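So this one's upload_2.txt, compact mmCIF, N, CA and C atoms and all ligand atoms:
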```txt
# COMPACT_ATOMS: atom_id res chain seq x y z
N MET E 1 104.15 154.43 148.12
CA MET E 1 103.97 153.05 147.67
C MET E 1 105.31 152.39 147.40
N GLU E 2 105.36 151.10 147.63
CA GLU E 2 106.60 150.35 147.39
C GLU E 2 106.22 149.04 146.69
N ARG E 3 107.17 148.49 145.92
CA ARG E 3 106.96 147.21 145.26
C ARG E 3 107.96 146.19 145.76
N THR E 4 107.52 144.94 145.84
CA THR E 4 108.42 143.86 146.20
C THR E 4 108.18 142.68 145.28
N PHE E 5 109.14 141.75 145.31
CA PHE E 5 109.03 140.56 144.48
C PHE E 5 108.71 139.36 145.37
N ALA E 6 107.75 138.56 144.94
CA ALA E 6 107.32 137.39 145.71
C ALA E 6 107.22 136.18 144.81
N ILE E 7 107.40 135.01 145.40
CA ILE E 7 107.18 133.74 144.68
C ILE E 7 106.29 132.84 145.54
N VAL E 8 105.28 132.24 144.90
CA VAL E 8 104.62 131.08 145.48
C VAL E 8 105.43 129.89 144.96
N LYS E 9 106.16 129.23 145.87
CA LYS E 9 107.17 128.24 145.48
C LYS E 9 106.52 126.94 144.97
N PRO E 10 107.33 126.09 144.29
CA PRO E 10 106.78 124.88 143.66
C PRO E 10 106.03 123.95 144.61
N ASP E 11 106.43 123.88 145.87
CA ASP E 11 105.72 122.99 146.81
C ASP E 11 104.27 123.43 146.98
N ALA E 12 104.06 124.74 147.10
CA ALA E 12 102.71 125.25 147.33
C ALA E 12 101.85 125.15 146.07
N VAL E 13 102.45 125.37 144.90
CA VAL E 13 101.69 125.22 143.65
C VAL E 13 101.30 123.76 143.47
N LYS E 14 102.27 122.85 143.71
CA LYS E 14 102.04 121.41 143.53
C LYS E 14 100.92 120.90 144.43
N SER E 15 100.86 121.43 145.67
CA SER E 15 99.85 120.94 146.61
C SER E 15 98.53 121.70 146.50
N GLY E 16 98.40 122.55 145.48
CA GLY E 16 97.13 123.21 145.23
C GLY E 16 96.81 124.34 146.19
N LYS E 17 97.85 124.99 146.71
CA LYS E 17 97.63 126.08 147.67
C LYS E 17 97.82 127.47 147.06
N ALA E 18 98.13 127.54 145.78
CA ALA E 18 98.42 128.85 145.18
C ALA E 18 97.23 129.80 145.30
N GLY E 19 96.04 129.29 145.04
CA GLY E 19 94.84 130.13 145.10
C GLY E 19 94.62 130.69 146.50
N GLN E 20 94.76 129.83 147.49
CA GLN E 20 94.59 130.29 148.88
C GLN E 20 95.63 131.34 149.26
N ILE E 21 96.87 131.14 148.79
CA ILE E 21 97.94 132.10 149.11
C ILE E 21 97.67 133.44 148.41
N LEU E 22 97.21 133.38 147.15
CA LEU E 22 96.88 134.63 146.44
C LEU E 22 95.73 135.36 147.14
N ALA E 23 94.75 134.62 147.64
CA ALA E 23 93.64 135.25 148.37
C ALA E 23 94.16 135.92 149.64
N ARG E 24 95.09 135.27 150.32
CA ARG E 24 95.67 135.87 151.55
C ARG E 24 96.47 137.13 151.20
N ILE E 25 97.16 137.10 150.06
CA ILE E 25 97.93 138.27 149.61
C ILE E 25 96.98 139.47 149.42
N GLU E 26 95.88 139.23 148.75
CA GLU E 26 94.93 140.32 148.51
C GLU E 26 94.25 140.76 149.81
N ALA E 27 93.92 139.80 150.66
CA ALA E 27 93.27 140.15 151.94
C ALA E 27 94.20 140.98 152.82
N ALA E 28 95.52 140.76 152.68
CA ALA E 28 96.49 141.51 153.48
C ALA E 28 96.66 142.94 152.97
N GLY E 29 96.11 143.25 151.80
CA GLY E 29 96.13 144.63 151.31
C GLY E 29 97.15 144.91 150.22
N PHE E 30 97.75 143.85 149.66
CA PHE E 30 98.67 144.06 148.54
C PHE E 30 97.88 144.18 147.24
N THR E 31 98.39 145.01 146.33
CA THR E 31 97.88 145.03 144.96
C THR E 31 98.83 144.20 144.10
N ILE E 32 98.30 143.26 143.32
CA ILE E 32 99.12 142.45 142.42
C ILE E 32 99.37 143.26 141.15
N ARG E 33 100.64 143.61 140.91
CA ARG E 33 101.02 144.42 139.74
C ARG E 33 101.59 143.58 138.61
N GLY E 34 102.05 142.39 138.93
CA GLY E 34 102.57 141.47 137.91
C GLY E 34 102.41 140.06 138.43
N MET E 35 102.11 139.10 137.51
CA MET E 35 101.94 137.71 137.95
C MET E 35 102.13 136.78 136.76
N ARG E 36 102.91 135.71 136.98
CA ARG E 36 103.15 134.75 135.90
C ARG E 36 103.45 133.38 136.48
N LEU E 37 102.86 132.34 135.89
CA LEU E 37 103.21 130.97 136.26
C LEU E 37 104.41 130.55 135.42
N GLN E 38 105.47 130.07 136.05
CA GLN E 38 106.67 129.69 135.30
C GLN E 38 107.41 128.55 135.98
N HIS E 39 107.79 127.57 135.16
CA HIS E 39 108.64 126.48 135.64
C HIS E 39 110.09 126.89 135.37
N LEU E 40 110.82 127.27 136.41
CA LEU E 40 112.20 127.75 136.24
C LEU E 40 113.11 126.61 135.83
N SER E 41 114.07 126.91 134.96
CA SER E 41 115.14 125.95 134.69
C SER E 41 116.11 125.99 135.88
N LEU E 42 116.98 124.98 135.96
CA LEU E 42 117.99 124.99 137.03
C LEU E 42 118.87 126.23 136.93
N LYS E 43 119.26 126.59 135.71
CA LYS E 43 120.10 127.77 135.48
C LYS E 43 119.39 129.04 135.97
N GLU E 44 118.11 129.16 135.68
CA GLU E 44 117.37 130.36 136.11
C GLU E 44 117.29 130.42 137.64
N ALA E 45 117.08 129.26 138.28
CA ALA E 45 117.04 129.24 139.75
C ALA E 45 118.41 129.58 140.33
N GLU E 46 119.47 129.07 139.70
CA GLU E 46 120.83 129.38 140.18
C GLU E 46 121.14 130.87 140.06
N GLY E 47 120.70 131.49 138.97
CA GLY E 47 120.93 132.92 138.79
C GLY E 47 120.16 133.74 139.80
N PHE E 48 118.94 133.32 140.07
CA PHE E 48 118.10 134.04 141.02
C PHE E 48 118.69 133.97 142.43
N TYR E 49 119.18 132.80 142.84
CA TYR E 49 119.71 132.62 144.19
C TYR E 49 121.25 132.70 144.23
N ALA E 50 121.85 133.42 143.27
CA ALA E 50 123.31 133.50 143.18
C ALA E 50 123.96 133.95 144.49
N VAL E 51 123.27 134.81 145.27
CA VAL E 51 123.86 135.27 146.55
C VAL E 51 124.07 134.10 147.52
N HIS E 52 123.36 133.00 147.31
CA HIS E 52 123.49 131.85 148.21
C HIS E 52 124.40 130.76 147.63
N ALA E 53 125.13 131.07 146.54
CA ALA E 53 125.90 130.05 145.82
C ALA E 53 126.89 129.30 146.72
N ALA E 54 127.41 129.96 147.75
CA ALA E 54 128.42 129.32 148.60
C ALA E 54 127.80 128.53 149.76
N ARG E 55 126.49 128.63 149.93
CA ARG E 55 125.83 127.95 151.06
C ARG E 55 125.73 126.44 150.81
N PRO E 56 125.79 125.65 151.88
CA PRO E 56 125.72 124.19 151.70
C PRO E 56 124.40 123.71 151.10
N PHE E 57 123.35 124.48 151.28
CA PHE E 57 122.03 124.05 150.79
C PHE E 57 121.71 124.56 149.38
N PHE E 58 122.71 125.17 148.70
CA PHE E 58 122.45 125.79 147.38
C PHE E 58 121.91 124.78 146.35
N GLY E 59 122.53 123.58 146.30
CA GLY E 59 122.09 122.57 145.34
C GLY E 59 120.66 122.14 145.59
N GLU E 60 120.37 121.86 146.84
CA GLU E 60 119.02 121.45 147.26
C GLU E 60 118.00 122.55 146.92
N LEU E 61 118.38 123.79 147.24
CA LEU E 61 117.49 124.94 147.03
C LEU E 61 117.18 125.13 145.55
N THR E 62 118.19 125.09 144.70
CA THR E 62 117.97 125.35 143.27
C THR E 62 117.26 124.16 142.59
N GLN E 63 117.54 122.93 143.05
CA GLN E 63 116.79 121.76 142.54
C GLN E 63 115.31 121.92 142.86
N PHE E 64 115.05 122.28 144.12
CA PHE E 64 113.67 122.46 144.56
C PHE E 64 112.97 123.55 143.77
N MET E 65 113.64 124.69 143.60
CA MET E 65 112.99 125.83 142.93
C MET E 65 112.75 125.57 141.44
N SER E 66 113.45 124.57 140.88
CA SER E 66 113.23 124.23 139.47
C SER E 66 112.48 122.90 139.33
N SER E 67 111.85 122.46 140.41
CA SER E 67 111.18 121.15 140.41
C SER E 67 109.75 121.19 139.86
N GLY E 68 109.21 122.37 139.65
CA GLY E 68 107.84 122.49 139.15
C GLY E 68 107.51 123.96 138.98
N PRO E 69 106.33 124.25 138.42
CA PRO E 69 105.98 125.66 138.21
C PRO E 69 105.81 126.42 139.52
N CYS E 70 106.16 127.69 139.48
CA CYS E 70 105.89 128.57 140.63
C CYS E 70 105.17 129.82 140.13
N VAL E 71 104.62 130.60 141.04
CA VAL E 71 103.92 131.84 140.68
C VAL E 71 104.83 133.01 141.03
N LEU E 72 105.21 133.77 140.02
CA LEU E 72 106.08 134.94 140.19
C LEU E 72 105.20 136.17 140.33
N LEU E 73 105.48 137.02 141.30
CA LEU E 73 104.58 138.13 141.61
C LEU E 73 105.32 139.44 141.87
N CYS E 74 104.75 140.54 141.38
CA CYS E 74 105.13 141.88 141.83
C CYS E 74 103.99 142.39 142.71
N LEU E 75 104.29 142.64 143.97
CA LEU E 75 103.28 143.09 144.94
C LEU E 75 103.53 144.53 145.33
N GLU E 76 102.45 145.30 145.44
CA GLU E 76 102.57 146.72 145.79
C GLU E 76 101.74 147.04 147.02
N ALA E 77 102.32 147.83 147.92
CA ALA E 77 101.64 148.28 149.14
C ALA E 77 102.56 149.32 149.79
N PRO E 78 102.03 150.10 150.73
CA PRO E 78 102.95 150.92 151.54
C PRO E 78 103.88 149.98 152.30
N ASP E 79 105.20 150.26 152.27
CA ASP E 79 106.17 149.44 153.01
C ASP E 79 106.09 147.95 152.61
N ALA E 80 105.92 147.72 151.32
CA ALA E 80 105.63 146.36 150.82
C ALA E 80 106.70 145.33 151.18
N ILE E 81 107.97 145.71 151.16
CA ILE E 81 109.03 144.72 151.40
C ILE E 81 108.92 144.13 152.80
N LYS E 82 108.84 145.00 153.80
CA LYS E 82 108.71 144.52 155.20
C LYS E 82 107.34 143.86 155.42
N LYS E 83 106.32 144.47 154.86
CA LYS E 83 104.96 143.94 155.03
C LYS E 83 104.86 142.50 154.50
N TRP E 84 105.50 142.25 153.35
CA TRP E 84 105.44 140.90 152.76
C TRP E 84 106.28 139.91 153.59
N ARG E 85 107.44 140.37 154.07
CA ARG E 85 108.25 139.48 154.93
C ARG E 85 107.44 139.12 156.19
N ASP E 86 106.74 140.09 156.74
CA ASP E 86 105.92 139.82 157.94
C ASP E 86 104.76 138.87 157.62
N THR E 87 104.17 139.04 156.44
CA THR E 87 103.05 138.19 156.03
C THR E 87 103.51 136.74 155.85
N MET E 88 104.74 136.55 155.34
CA MET E 88 105.29 135.20 155.14
C MET E 88 105.66 134.54 156.45
N GLY E 89 106.29 135.28 157.36
CA GLY E 89 106.81 134.71 158.60
C GLY E 89 108.23 134.21 158.44
N ALA E 90 108.78 133.60 159.49
CA ALA E 90 110.17 133.17 159.52
C ALA E 90 110.47 132.12 158.45
N THR E 91 111.74 132.06 158.02
CA THR E 91 112.18 131.13 156.97
C THR E 91 111.78 129.68 157.29
N ASP E 92 112.00 129.29 158.55
CA ASP E 92 111.64 127.94 158.99
C ASP E 92 110.18 127.93 159.47
N PRO E 93 109.29 127.23 158.76
CA PRO E 93 107.86 127.24 159.14
C PRO E 93 107.62 126.88 160.61
N ALA E 94 108.49 126.05 161.17
CA ALA E 94 108.33 125.65 162.57
C ALA E 94 108.54 126.83 163.52
N LYS E 95 109.27 127.85 163.05
CA LYS E 95 109.55 129.03 163.89
C LYS E 95 108.69 130.23 163.50
N ALA E 96 107.87 130.07 162.47
CA ALA E 96 107.05 131.19 161.99
C ALA E 96 105.85 131.41 162.91
N ASP E 97 105.49 132.67 163.08
CA ASP E 97 104.36 133.03 163.96
C ASP E 97 103.05 132.46 163.42
N ALA E 98 102.12 132.21 164.33
CA ALA E 98 100.77 131.78 163.95
C ALA E 98 100.15 132.82 163.01
N GLY E 99 99.45 132.35 162.01
CA GLY E 99 98.77 133.26 161.09
C GLY E 99 99.62 133.68 159.91
N THR E 100 100.90 133.27 159.87
CA THR E 100 101.75 133.61 158.72
C THR E 100 101.62 132.53 157.65
N LEU E 101 102.00 132.90 156.43
CA LEU E 101 101.86 131.96 155.31
C LEU E 101 102.76 130.75 155.46
N ARG E 102 104.00 130.98 155.90
CA ARG E 102 104.92 129.83 156.02
C ARG E 102 104.46 128.89 157.13
N ARG E 103 103.92 129.44 158.20
CA ARG E 103 103.38 128.58 159.26
C ARG E 103 102.22 127.74 158.73
N ASP E 104 101.36 128.37 157.93
CA ASP E 104 100.15 127.69 157.48
C ASP E 104 100.38 126.78 156.26
N PHE E 105 101.36 127.11 155.41
CA PHE E 105 101.53 126.36 154.17
C PHE E 105 102.91 125.72 154.00
N GLY E 106 103.91 126.12 154.78
CA GLY E 106 105.26 125.58 154.64
C GLY E 106 105.38 124.21 155.30
N MET E 107 106.25 123.36 154.72
CA MET E 107 106.44 122.00 155.25
C MET E 107 107.77 121.89 155.99
N SER E 108 108.78 122.64 155.57
CA SER E 108 110.13 122.54 156.13
C SER E 108 110.89 123.81 155.74
N ILE E 109 112.13 123.94 156.26
CA ILE E 109 112.91 125.15 155.93
C ILE E 109 113.19 125.23 154.42
N GLY E 110 113.30 124.09 153.77
CA GLY E 110 113.51 124.08 152.32
C GLY E 110 112.21 124.31 151.57
N ASN E 111 111.19 123.55 151.93
CA ASN E 111 109.88 123.66 151.29
C ASN E 111 109.01 124.61 152.10
N ASN E 112 109.27 125.90 151.92
CA ASN E 112 108.61 126.88 152.80
C ASN E 112 107.62 127.81 152.09
N ALA E 113 107.09 127.33 150.98
CA ALA E 113 105.89 127.89 150.34
C ALA E 113 106.04 129.23 149.61
N THR E 114 106.82 130.14 150.18
CA THR E 114 106.89 131.47 149.58
C THR E 114 108.30 132.06 149.67
N HIS E 115 108.54 133.02 148.80
CA HIS E 115 109.77 133.83 148.83
C HIS E 115 109.40 135.30 148.88
N GLY E 116 110.25 136.12 149.49
CA GLY E 116 110.09 137.57 149.43
C GLY E 116 111.42 138.27 149.44
N SER E 117 111.55 139.35 148.67
CA SER E 117 112.77 140.15 148.68
C SER E 117 113.03 140.66 150.09
N ASP E 118 114.32 140.83 150.44
CA ASP E 118 114.64 141.23 151.82
C ASP E 118 115.10 142.68 151.96
N ALA E 119 115.22 143.43 150.86
CA ALA E 119 115.67 144.83 150.92
C ALA E 119 115.34 145.52 149.59
N PRO E 120 115.37 146.86 149.55
CA PRO E 120 115.06 147.56 148.29
C PRO E 120 115.97 147.15 147.13
N GLU E 121 117.25 146.91 147.40
CA GLU E 121 118.18 146.54 146.33
C GLU E 121 117.84 145.16 145.78
N THR E 122 117.51 144.22 146.67
CA THR E 122 117.18 142.87 146.19
C THR E 122 115.83 142.88 145.49
N ALA E 123 114.89 143.68 145.95
CA ALA E 123 113.59 143.78 145.27
C ALA E 123 113.79 144.29 143.85
N ALA E 124 114.64 145.30 143.67
CA ALA E 124 114.89 145.85 142.34
C ALA E 124 115.55 144.81 141.44
N PHE E 125 116.55 144.08 141.97
CA PHE E 125 117.21 143.04 141.19
C PHE E 125 116.22 141.93 140.82
N GLU E 126 115.47 141.47 141.79
CA GLU E 126 114.60 140.31 141.58
C GLU E 126 113.42 140.65 140.65
N LEU E 127 112.83 141.84 140.79
CA LEU E 127 111.76 142.25 139.88
C LEU E 127 112.30 142.35 138.45
N GLY E 128 113.51 142.90 138.32
CA GLY E 128 114.12 143.04 137.00
C GLY E 128 114.55 141.71 136.40
N TYR E 129 114.85 140.74 137.26
CA TYR E 129 115.26 139.41 136.79
C TYR E 129 114.10 138.70 136.10
N PHE E 130 112.90 138.91 136.61
CA PHE E 130 111.75 138.14 136.12
C PHE E 130 110.73 138.93 135.31
N PHE E 131 110.67 140.25 135.47
CA PHE E 131 109.64 141.02 134.76
C PHE E 131 110.26 142.12 133.91
N ARG E 132 109.71 142.29 132.69
CA ARG E 132 110.08 143.45 131.88
C ARG E 132 109.23 144.63 132.36
N GLY E 133 109.74 145.83 132.21
CA GLY E 133 109.03 147.02 132.67
C GLY E 133 107.61 147.08 132.17
N MET E 134 107.40 146.70 130.90
CA MET E 134 106.07 146.79 130.29
C MET E 134 105.06 145.85 130.95
N GLU E 135 105.56 144.76 131.58
CA GLU E 135 104.66 143.78 132.21
C GLU E 135 104.12 144.30 133.54
N LEU E 136 104.74 145.35 134.07
CA LEU E 136 104.31 145.87 135.38
C LEU E 136 103.54 147.17 135.18
P1 LIG P 1 113.61 133.55 150.67
O1 LIG P 1 114.86 134.20 150.15
O2 LIG P 1 113.24 132.27 149.91
O3 LIG P 1 112.45 134.51 150.79
P2 LIG P 1 114.55 133.86 153.34
O4 LIG P 1 114.99 135.20 152.88
O5 LIG P 1 113.62 133.81 154.51
O6 LIG P 1 113.88 133.06 152.16
P3 LIG P 1 117.25 132.96 152.96
O7 LIG P 1 118.28 132.99 154.02
O8 LIG P 1 117.31 134.00 151.88
O9 LIG P 1 115.81 132.95 153.67
O10 LIG P 1 117.30 131.51 152.29
C1 LIG P 1 116.77 131.30 151.00
C2 LIG P 1 116.01 130.00 150.98
O11 LIG P 1 116.95 128.95 151.14
C3 LIG P 1 115.00 129.80 152.10
O12 LIG P 1 113.72 130.28 151.77
C4 LIG P 1 114.96 128.30 152.25
O13 LIG P 1 114.03 127.72 151.34
C5 LIG P 1 116.36 127.89 151.87
N1 LIG P 1 117.15 127.63 153.07
C6 LIG P 1 117.62 128.52 153.95
N2 LIG P 1 118.30 127.93 154.93
C7 LIG P 1 118.26 126.60 154.66
C8 LIG P 1 118.78 125.44 155.29
N3 LIG P 1 119.49 125.51 156.42
N4 LIG P 1 118.52 124.24 154.71
C9 LIG P 1 117.80 124.15 153.57
N5 LIG P 1 117.28 125.21 152.92
C10 LIG P 1 117.51 126.41 153.47
MG MG P 2 116.13 135.52 151.14
```

Rewrite the structure from the file as structure tokens, please.
Ligand code: ATP
Ligand code: MG
Amino acid sequence: MERTFAIVKPDAVKSGKAGQILARIEAAGFTIRGMRLQHLSLKEAEGFYAVHAARPFFGELTQFMSSGPCVLLCLEAPDAIKKWRDTMGATDPAKADAGTLRRDFGMSIGNNATHGSDAPETAAFELGYFFRGMEL
């Protein structure tokens, strides 16, 4: 078993798609081990996306991620990190495969509905950033 960190981003919560996305998560075979609705501050979003601090879109990204509540999730499944990335699809919804969450719920490369950790090290950092051990 493996755990990964996922976010239903503010765009999807705002447009009332969180429930549908959670249903798709369960239908795909993930077990939800942790879940919390939270409106991130700008500082919290900047800390979470610190690896992207030098990117030109960092300001836009962190403003967006702190623009409204999002759903923070710990998901568990065999090979969960890759499985969740596959379930989300490509970063840009226009390039995401049919049947993926970003294709179905994302509006643009910035407003792309979901986040997922990209490696075991980032999953460990991101889960620890948002969840205490006792919550999982
Ligand atoms: P995430 O980390 O959110 O799961 P990702 O791993 O597919 O997405 P990253 O390269 O880590 O993609 O980029 C982080 C986020 O930054 C993307 O999800 C997207 O919302 C935003 N982003 C990436 N590239 C751009 C861009 N060119 N313009 C605007 N926003 C971008
Ligand atoms: Mg990423």

Using all atoms listed in the file, which residues of the polymer chains come no farther than 8 Å from ligand LIG 1 (chain P)? I'd like the answer as a PDB file with N, CA and C atoms, in the coordinates of the input.
```pdb
ATOM      1  N   ALA E   6     107.750 138.560 144.940  1.00  0.00           N
ATOM      2  CA  ALA E   6     107.320 137.390 145.710  1.00  0.00           C
ATOM      3  C   ALA E   6     107.220 136.180 144.810  1.00  0.00           C
ATOM      4  N   ILE E   7     107.400 135.010 145.400  1.00  0.00           N
ATOM      5  CA  ILE E   7     107.180 133.740 144.680  1.00  0.00           C
ATOM      6  C   ILE E   7     106.290 132.840 145.540  1.00  0.00           C
ATOM      7  N   TYR E  49     119.180 132.800 142.840  1.00  0.00           N
ATOM      8  CA  TYR E  49     119.710 132.620 144.190  1.00  0.00           C
ATOM      9  C   TYR E  49     121.250 132.700 144.230  1.00  0.00           C
ATOM     10  N   HIS E  52     123.360 133.000 147.310  1.00  0.00           N
ATOM     11  CA  HIS E  52     123.490 131.850 148.210  1.00  0.00           C
ATOM     12  C   HIS E  52     124.400 130.760 147.630  1.00  0.00           C
ATOM     13  N   PRO E  56     125.790 125.650 151.880  1.00  0.00           N
ATOM     14  CA  PRO E  56     125.720 124.190 151.700  1.00  0.00           C
ATOM     15  C   PRO E  56     124.400 123.710 151.100  1.00  0.00           C
ATOM     16  N   PHE E  57     123.350 124.480 151.280  1.00  0.00           N
ATOM     17  CA  PHE E  57     122.030 124.050 150.790  1.00  0.00           C
ATOM     18  C   PHE E  57     121.710 124.560 149.380  1.00  0.00           C
ATOM     19  N   PHE E  58     122.710 125.170 148.700  1.00  0.00           N
ATOM     20  CA  PHE E  58     122.450 125.790 147.380  1.00  0.00           C
ATOM     21  C   PHE E  58     121.910 124.780 146.350  1.00  0.00           C
ATOM     22  N   GLU E  60     120.370 121.860 146.840  1.00  0.00           N
ATOM     23  CA  GLU E  60     119.020 121.450 147.260  1.00  0.00           C
ATOM     24  C   GLU E  60     118.000 122.550 146.920  1.00  0.00           C
ATOM     25  N   LEU E  61     118.380 123.790 147.240  1.00  0.00           N
ATOM     26  CA  LEU E  61     117.490 124.940 147.030  1.00  0.00           C
ATOM     27  C   LEU E  61     117.180 125.130 145.550  1.00  0.00           C
ATOM     28  N   THR E  62     118.190 125.090 144.700  1.00  0.00           N
ATOM     29  CA  THR E  62     117.970 125.350 143.270  1.00  0.00           C
ATOM     30  C   THR E  62     117.260 124.160 142.590  1.00  0.00           C
ATOM     31  N   ARG E  85     107.440 140.370 154.070  1.00  0.00           N
ATOM     32  CA  ARG E  85     108.250 139.480 154.930  1.00  0.00           C
ATOM     33  C   ARG E  85     107.440 139.120 156.190  1.00  0.00           C
ATOM     34  N   GLY E  89     106.290 135.280 157.360  1.00  0.00           N
ATOM     35  CA  GLY E  89     106.810 134.710 158.600  1.00  0.00           C
ATOM     36  C   GLY E  89     108.230 134.210 158.440  1.00  0.00           C
ATOM     37  N   ALA E  90     108.780 133.600 159.490  1.00  0.00           N
ATOM     38  CA  ALA E  90     110.170 133.170 159.520  1.00  0.00           C
ATOM     39  C   ALA E  90     110.470 132.120 158.450  1.00  0.00           C
ATOM     40  N   THR E  91     111.740 132.060 158.020  1.00  0.00           N
ATOM     41  CA  THR E  91     112.180 131.130 156.970  1.00  0.00           C
ATOM     42  C   THR E  91     111.780 129.680 157.290  1.00  0.00           C
ATOM     43  N   ASP E  92     112.000 129.290 158.550  1.00  0.00           N
ATOM     44  CA  ASP E  92     111.640 127.940 158.990  1.00  0.00           C
ATOM     45  C   ASP E  92     110.180 127.930 159.470  1.00  0.00           C
ATOM     46  N   SER E 108     108.780 122.640 155.570  1.00  0.00           N
ATOM     47  CA  SER E 108     110.130 122.540 156.130  1.00  0.00           C
ATOM     48  C   SER E 108     110.890 123.810 155.740  1.00  0.00           C
ATOM     49  N   ILE E 109     112.130 123.940 156.260  1.00  0.00           N
ATOM     50  CA  ILE E 109     112.910 125.150 155.930  1.00  0.00           C
ATOM     51  C   ILE E 109     113.190 125.230 154.420  1.00  0.00           C
ATOM     52  N   GLY E 110     113.300 124.090 153.770  1.00  0.00           N
ATOM     53  CA  GLY E 110     113.510 124.080 152.320  1.00  0.00           C
ATOM     54  C   GLY E 110     112.210 124.310 151.570  1.00  0.00           C
ATOM     55  N   ASN E 111     111.190 123.550 151.930  1.00  0.00           N
ATOM     56  CA  ASN E 111     109.880 123.660 151.290  1.00  0.00           C
ATOM     57  C   ASN E 111     109.010 124.610 152.100  1.00  0.00           C
ATOM     58  N   ASN E 112     109.270 125.900 151.920  1.00  0.00           N
ATOM     59  CA  ASN E 112     108.610 126.880 152.800  1.00  0.00           C
ATOM     60  C   ASN E 112     107.620 127.810 152.090  1.00  0.00           C
ATOM     61  N   ALA E 113     107.090 127.330 150.980  1.00  0.00           N
ATOM     62  CA  ALA E 113     105.890 127.890 150.340  1.00  0.00           C
ATOM     63  C   ALA E 113     106.040 129.230 149.610  1.00  0.00           C
ATOM     64  N   THR E 114     106.820 130.140 150.180  1.00  0.00           N
ATOM     65  CA  THR E 114     106.890 131.470 149.580  1.00  0.00           C
ATOM     66  C   THR E 114     108.300 132.060 149.670  1.00  0.00           C
ATOM     67  N   HIS E 115     108.540 133.020 148.800  1.00  0.00           N
ATOM     68  CA  HIS E 115     109.770 133.830 148.830  1.00  0.00           C
ATOM     69  C   HIS E 115     109.400 135.300 148.880  1.00  0.00           C
ATOM     70  N   GLY E 116     110.250 136.120 149.490  1.00  0.00           N
ATOM     71  CA  GLY E 116     110.090 137.570 149.430  1.00  0.00           C
ATOM     72  C   GLY E 116     111.420 138.270 149.440  1.00  0.00           C
ATOM     73  N   SER E 117     111.550 139.350 148.670  1.00  0.00           N
ATOM     74  CA  SER E 117     112.770 140.150 148.680  1.00  0.00           C
ATOM     75  C   SER E 117     113.030 140.660 150.090  1.00  0.00           C
ATOM     76  N   ASP E 118     114.320 140.830 150.440  1.00  0.00           N
ATOM     77  CA  ASP E 118     114.640 141.230 151.820  1.00  0.00           C
ATOM     78  C   ASP E 118     115.100 142.680 151.960  1.00  0.00           C
TER      79      ASP E 118
END
```

Shortest interatomic distance to Arg36 of chain E - which of E:Val8, E:Ala23, E:Leu72, E:Ala50, counting only N, CA and C atoms =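 Among the listed residues, the smallest separation from Arg36 of chain E belongs to E:Leu72.
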
So which residues touch Ser66 of chain E within 8 Å, counting all atoms listed in the file, skipping near sequence neighbours fewer than 5 positions away, as a ChimeraX atom specification?
-> /E:10,39-46,60-61

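Interatomic distance, atom MG of ligand MG 2 (chain P) to atom CA of Ala94 of chain E: 17.0 Å.
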
Separation of atom N of Phe131 of chain E from atom N of Gly34 of chain E in Å |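 Value for the atom N of Gly34 of chain E-atom N of Phe131 of chain E distance: 9.5 Å.
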
Grab the atom C of Met35 of chain E to atom CA of Cys74 of chain E distance for me, in Å with one decimal place.
->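 Between these atoms lies a distance of 7.8 Å.
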
Based on DSSP run over this structure's backbone, return all residues of segment 26-130 of chain E in strand (DSSP E or B), as a PyMOL selection string.
-> chain E and resi 31-39+69-77+114-116

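Considering only C-alpha atoms, the residue among E:Met1, E:Pro78, E:Thr87, E:Leu136 positioned nearest to Arg33 of chain E is E:Leu136.
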
Would you please give, as JSON, numbers by chain, all residues of segment 25-65 of chain E that DSSP assigns to alpha helix (DSSP H) based on the backbone?
-> {"E": [25, 26, 27, 42, 43, 44, 45, 46, 47, 48, 58, 59, 60, 61, 62, 63, 64, 65]}

Find the residues around Ala28 of chain E up to 12 Å (only C-alpha atoms counted), leave out those fewer than 5 positions away in its own chain, and share them as a VMD selection string.
-> chain E and resid 21 to 23 75 to 78 80 83 to 84 86 to 88 99 to 101

Between E:Ala119, E:Ser67, E:Leu127, E:Asp97, single out the one closest to ligand MG 2 (chain P), counting only N, CA and C atoms and all ligand atoms.
-> E:Ala119

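With only C-alpha atoms and all ligand atoms as the atoms that count, the residue of E:Phe48, E:Phe64, E:Phe130, E:Phe30 with the shortest distance to ligand MG 2 (chain P) is E:Phe48.
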
Determine, counting only N, CA and C atoms, which protein, DNA and RNA residues have an atom within 7 Å of an atom of Ala124 of chain E; residues of the same chain fewer than 5 positions away are not included. Present the result as an mmCIF file with N, CA and C atoms, in the frame of the given file.
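The result, stored in part_39.cif:
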```cif
data_model
loop_
_atom_site.group_PDB
_atom_site.id
_atom_site.type_symbol
_atom_site.label_atom_id
_atom_site.label_comp_id
_atom_site.auth_asym_id
_atom_site.auth_seq_id
_atom_site.Cartn_x
_atom_site.Cartn_y
_atom_site.Cartn_z
ATOM 1 N N THR E 4 107.520 144.940 145.840
ATOM 2 C CA THR E 4 108.420 143.860 146.200
ATOM 3 C C THR E 4 108.180 142.680 145.280
ATOM 4 N N PHE E 5 109.140 141.750 145.310
ATOM 5 C CA PHE E 5 109.030 140.560 144.480
ATOM 6 C C PHE E 5 108.710 139.360 145.370
ATOM 7 N N ALA E 119 115.220 143.430 150.860
ATOM 8 C CA ALA E 119 115.670 144.830 150.920
ATOM 9 C C ALA E 119 115.340 145.520 149.590
ATOM 10 N N TYR E 129 114.850 140.740 137.260
ATOM 11 C CA TYR E 129 115.260 139.410 136.790
ATOM 12 C C TYR E 129 114.100 138.700 136.100
#
```
